[in-house]
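Enquirer: Before anything else, here's the structure in question.
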Amino acid sequence: AADAASSGATDAWVAAALAPTISDLDEALCTEPAPNRTHGDYANAHDYVGTHFRLLREDFVRPLREAVTAHRRSEELPREVRVWSQAVIAGLSVGNPGGVLVRLRLASNAEEVEQLDIAGGKTLMNGSLLLLSEDGFRTSCRCAVVSRREAARQLGDGSVYASLSLQTESAMKSAKYAAEAAEEAARIAPLVGRRFDVLEAGAYWGAYKPVLAAL
């Protein structure tokens, strides 16, 4: 029984979410992943890959956890992290043939609009991860991935388009996803008009996600 329990814990990474969850952002609920072995062999390839998956995921999540903790405590945030506290989901659209995007208006004044809509900026790039919360990241958190950045800049109101979907990009482009997209749009619709705290990850999710998925 002990061996079965140990095996289950070892295999948990296989079903782990790629993107961070609210539990990942809570210092009290997180445990340090096992370090990479520098001496001796792994029992098998499965354990080796699992170790590196957990370490890479933690490498992305840890700075977010520290930023969320600082935000909860009203402390200074790391320089590479930015939070918008008056963001509003201003609308949503279904792409062609599938893929649901929300229009997230981040700017709350003209100065922020100007900063956000500067072309060639190194933040809010396509593939960047955003965390959304309605309660200051205490009990709720949604992940969104920035998309169609140039199209959003043309709006001139400090908005970004982002996907809240858990589907892969290739799946969302498939015609088979159209029916699911309609259902997803119906689920997201009640969020339109609601305010969120939005935190942009300092590390680029577009680089981490494909490697985690491959592992």
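The way I read the labels, and the way they are meant: chains A, B, ... in the order of the structure tokens, residue 1 as the first residue of every chain, and ligand 1 as the first ligand shown, with later ones counted on from there.
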Please list as a short mmCIF file (atom, residue, chain, number, x, y, z; two decimals) with N, CA and C atoms, in the first residue's frame every residue within 8 Å of stretch 64-76 of chain A, counting only C-alpha atoms and excluding residues in the same chain fewer than 6 positions away.
Expert:
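Now in part-v2.cif:
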data_model
loop_
_atom_site.label_atom_id
_atom_site.label_comp_id
_atom_site.auth_asym_id
_atom_site.auth_seq_id
_atom_site.Cartn_x
_atom_site.Cartn_y
_atom_site.Cartn_z
N ASP A 24 -1.14 27.02 -6.24
CA ASP A 24 0.28 27.26 -6.52
C ASP A 24 0.74 28.62 -6.01
N LEU A 25 -0.20 29.55 -5.88
CA LEU A 25 0.15 30.92 -5.51
C LEU A 25 0.07 31.17 -4.00
N ASP A 26 -0.25 30.12 -3.25
CA ASP A 26 -0.39 30.24 -1.79
C ASP A 26 0.85 29.63 -1.12
N GLU A 27 1.62 30.47 -0.42
CA GLU A 27 2.84 29.99 0.22
C GLU A 27 2.58 28.84 1.18
N GLY A 136 -8.31 39.95 -5.04
CA GLY A 136 -6.93 40.20 -4.67
C GLY A 136 -6.09 38.94 -4.57
N PHE A 137 -6.45 37.92 -5.34
CA PHE A 137 -5.72 36.65 -5.39
C PHE A 137 -5.75 35.90 -4.06
N ARG A 138 -6.81 36.07 -3.31
CA ARG A 138 -6.91 35.36 -2.03
C ARG A 138 -7.56 33.98 -2.21
N ALA A 201 2.81 38.06 -15.66
CA ALA A 201 4.02 37.34 -15.26
C ALA A 201 5.25 38.00 -15.85
N GLY A 202 6.32 38.05 -15.07
CA GLY A 202 7.56 38.62 -15.57
C GLY A 202 8.23 37.71 -16.58
#
Enquirer: If you count only C-alpha atoms, which residues fall within 6 Å of stretch 183-200 of chain A, apart from same-chain ones fewer than 4 positions away, as a ChimeraX atom specification?
Expert: /A:81-85,87-91,130-134
Enquirer: Between atom CA of A:Glu80 and atom CA of A:Asn36, what is the distance in Å, rounded to a tenth?
Expert: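 Value for the atom CA of A:Glu80-atom CA of A:Asn36 distance: 26.9 Å.
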Enquirer: Find the spatial neighbours of A:Ala151, counting only C-alpha atoms, within a cut-off of 10 Å - ignore same-chain residues fewer than 4 positions away - and output them as a tab-separated table (two decimals) with C-alpha atoms, in the first residue's frame.
Expert:
chain	number	residue	atom	x	y	z
A	147	SER	CA	-3.32	37.12	-28.19
A	155	LEU	CA	-8.33	49.97	-30.51
A	156	GLY	CA	-6.41	52.75	-28.76
A	159	SER	CA	-7.08	46.88	-24.09
A	160	VAL	CA	-5.59	43.48	-24.79
A	161	TYR	CA	-7.17	40.38	-26.26
Enquirer: I need the residue nearest A:Leu55 from this list: A:Glu112, A:Asp41, A:Asp157, A:Glu32. Use only C-alpha atoms for the distance.
Expert: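 Going through A:Glu112, A:Asp41, A:Asp157, A:Glu32 one by one, the smallest distance to A:Leu55 is for A:Glu32.
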Enquirer: In Å, with one decimal, what is the gap from atom CA of A:Leu56 to atom CA of A:Gly99?
Expert: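 Answer for the atom CA of A:Leu56 to atom CA of A:Gly99 separation: 27.5 Å.
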Enquirer: Smallest atom-to-atom distance to A:Ala182: which of A:Ala214, A:Ala15, A:Thr38, A:Leu92, using only C-alpha atoms?
Expert: A:Leu92
Enquirer: Quick check for you: according to DSSP on this backbone, which residues of stretch 29-215 of chain A are classed as strand (DSSP E or B)? Reply as a VMD selection string.
Expert: chain A and resid 82 to 94 100 to 105 129 to 133 142 to 147 159 to 163 195 to 200
Enquirer: At a cut-off of 12 Å, using only C-alpha atoms, what residues contact A:Ala152? Leave out same-chain residues fewer than 2 positions from it and give the result as a list in words.
Expert: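 Skipping anything fewer than 2 positions along the chain leaves Leu101, Val102, Arg103, Leu104, Arg105, Leu106, Val113, Leu116, Asp117, Ile118, Ala119, Leu124, Met125, Asn126, Val146, Ser147, Arg148, Arg149, Glu150, Gln154, Leu155, Gly156, Asp157, Gly158, Ser159, Val160, Tyr161 and Ala162 of chain A.
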Enquirer: Mind listing the alpha helix (DSSP H) residues of stretch 55-174 of chain A, per DSSP on the backbone, as a compact mmCIF listing (two decimals) with N, CA and C atoms, in the first residue's frame?
Expert:
# COMPACT_ATOMS: atom_id res chain seq x y z
N LEU A 55 10.52 21.00 -11.61
CA LEU A 55 11.49 22.07 -11.41
C LEU A 55 11.27 23.22 -12.39
N LEU A 56 10.99 22.89 -13.64
CA LEU A 56 10.75 23.94 -14.64
C LEU A 56 9.47 24.70 -14.34
N ARG A 57 8.43 23.97 -13.95
CA ARG A 57 7.16 24.63 -13.61
C ARG A 57 7.35 25.55 -12.41
N GLU A 58 8.07 25.08 -11.40
CA GLU A 58 8.33 25.91 -10.22
C GLU A 58 9.15 27.13 -10.57
N ASP A 59 10.06 26.99 -11.52
CA ASP A 59 10.88 28.12 -11.97
C ASP A 59 10.00 29.25 -12.51
N PHE A 60 8.88 28.89 -13.15
CA PHE A 60 7.96 29.89 -13.66
C PHE A 60 7.01 30.39 -12.57
N VAL A 61 6.53 29.47 -11.72
CA VAL A 61 5.49 29.81 -10.76
C VAL A 61 6.02 30.59 -9.56
N ARG A 62 7.25 30.27 -9.12
CA ARG A 62 7.76 30.89 -7.89
C ARG A 62 7.73 32.42 -7.93
N PRO A 63 8.22 33.09 -9.00
CA PRO A 63 8.14 34.56 -9.03
C PRO A 63 6.70 35.08 -8.98
N LEU A 64 5.77 34.32 -9.58
CA LEU A 64 4.36 34.72 -9.51
C LEU A 64 3.85 34.63 -8.07
N ARG A 65 4.22 33.54 -7.40
CA ARG A 65 3.79 33.36 -6.00
C ARG A 65 4.33 34.49 -5.13
N GLU A 66 5.59 34.86 -5.35
CA GLU A 66 6.18 35.94 -4.57
C GLU A 66 5.50 37.27 -4.87
N ALA A 67 5.15 37.49 -6.14
CA ALA A 67 4.47 38.73 -6.52
C ALA A 67 3.06 38.79 -5.93
N VAL A 68 2.34 37.67 -5.98
CA VAL A 68 0.99 37.62 -5.42
C VAL A 68 1.04 37.84 -3.91
N THR A 69 2.02 37.23 -3.24
CA THR A 69 2.16 37.43 -1.79
C THR A 69 2.42 38.90 -1.48
N ALA A 70 3.29 39.54 -2.26
CA ALA A 70 3.56 40.97 -2.05
C ALA A 70 2.31 41.80 -2.29
N HIS A 71 1.54 41.45 -3.32
CA HIS A 71 0.31 42.19 -3.63
C HIS A 71 -0.70 42.05 -2.50
N ARG A 72 -0.84 40.84 -1.96
CA ARG A 72 -1.77 40.61 -0.85
C ARG A 72 -1.41 41.46 0.37
N ALA A 110 -5.72 58.06 -19.30
CA ALA A 110 -5.09 58.33 -20.60
C ALA A 110 -3.60 58.00 -20.60
N GLU A 111 -2.91 58.22 -19.49
CA GLU A 111 -1.48 57.93 -19.41
C GLU A 111 -1.23 56.43 -19.58
N GLU A 112 -2.05 55.60 -18.92
CA GLU A 112 -1.89 54.16 -19.04
C GLU A 112 -2.22 53.69 -20.45
N VAL A 113 -3.21 54.30 -21.07
CA VAL A 113 -3.55 53.96 -22.45
C VAL A 113 -2.34 54.19 -23.34
N GLU A 114 -1.69 55.33 -23.18
CA GLU A 114 -0.53 55.67 -24.01
C GLU A 114 0.60 54.67 -23.79
N GLN A 115 0.84 54.29 -22.55
CA GLN A 115 1.92 53.34 -22.23
C GLN A 115 1.63 51.96 -22.81
N LEU A 116 0.40 51.53 -22.69
CA LEU A 116 0.03 50.19 -23.13
C LEU A 116 0.02 50.04 -24.63
N ARG A 149 -2.09 40.88 -30.23
CA ARG A 149 -1.65 42.11 -29.57
C ARG A 149 -1.74 43.33 -30.49
N GLU A 150 -1.31 43.18 -31.73
CA GLU A 150 -1.34 44.34 -32.63
C GLU A 150 -2.76 44.81 -32.90
N ALA A 151 -3.68 43.85 -33.03
CA ALA A 151 -5.08 44.22 -33.25
C ALA A 151 -5.61 45.00 -32.06
N ALA A 152 -5.21 44.62 -30.86
CA ALA A 152 -5.68 45.31 -29.66
C ALA A 152 -5.13 46.73 -29.61
N ARG A 153 -3.87 46.91 -30.04
CA ARG A 153 -3.29 48.26 -30.04
C ARG A 153 -4.08 49.21 -30.92
N GLU A 169 -3.52 26.00 -28.76
CA GLU A 169 -3.77 26.90 -29.89
C GLU A 169 -4.19 26.12 -31.13
N SER A 170 -3.55 24.97 -31.37
CA SER A 170 -3.91 24.17 -32.55
C SER A 170 -5.32 23.65 -32.45
N ALA A 171 -5.73 23.27 -31.22
CA ALA A 171 -7.10 22.76 -31.03
C ALA A 171 -8.12 23.86 -31.28
N MET A 172 -7.80 25.08 -30.85
CA MET A 172 -8.73 26.19 -31.02
C MET A 172 -8.90 26.58 -32.48
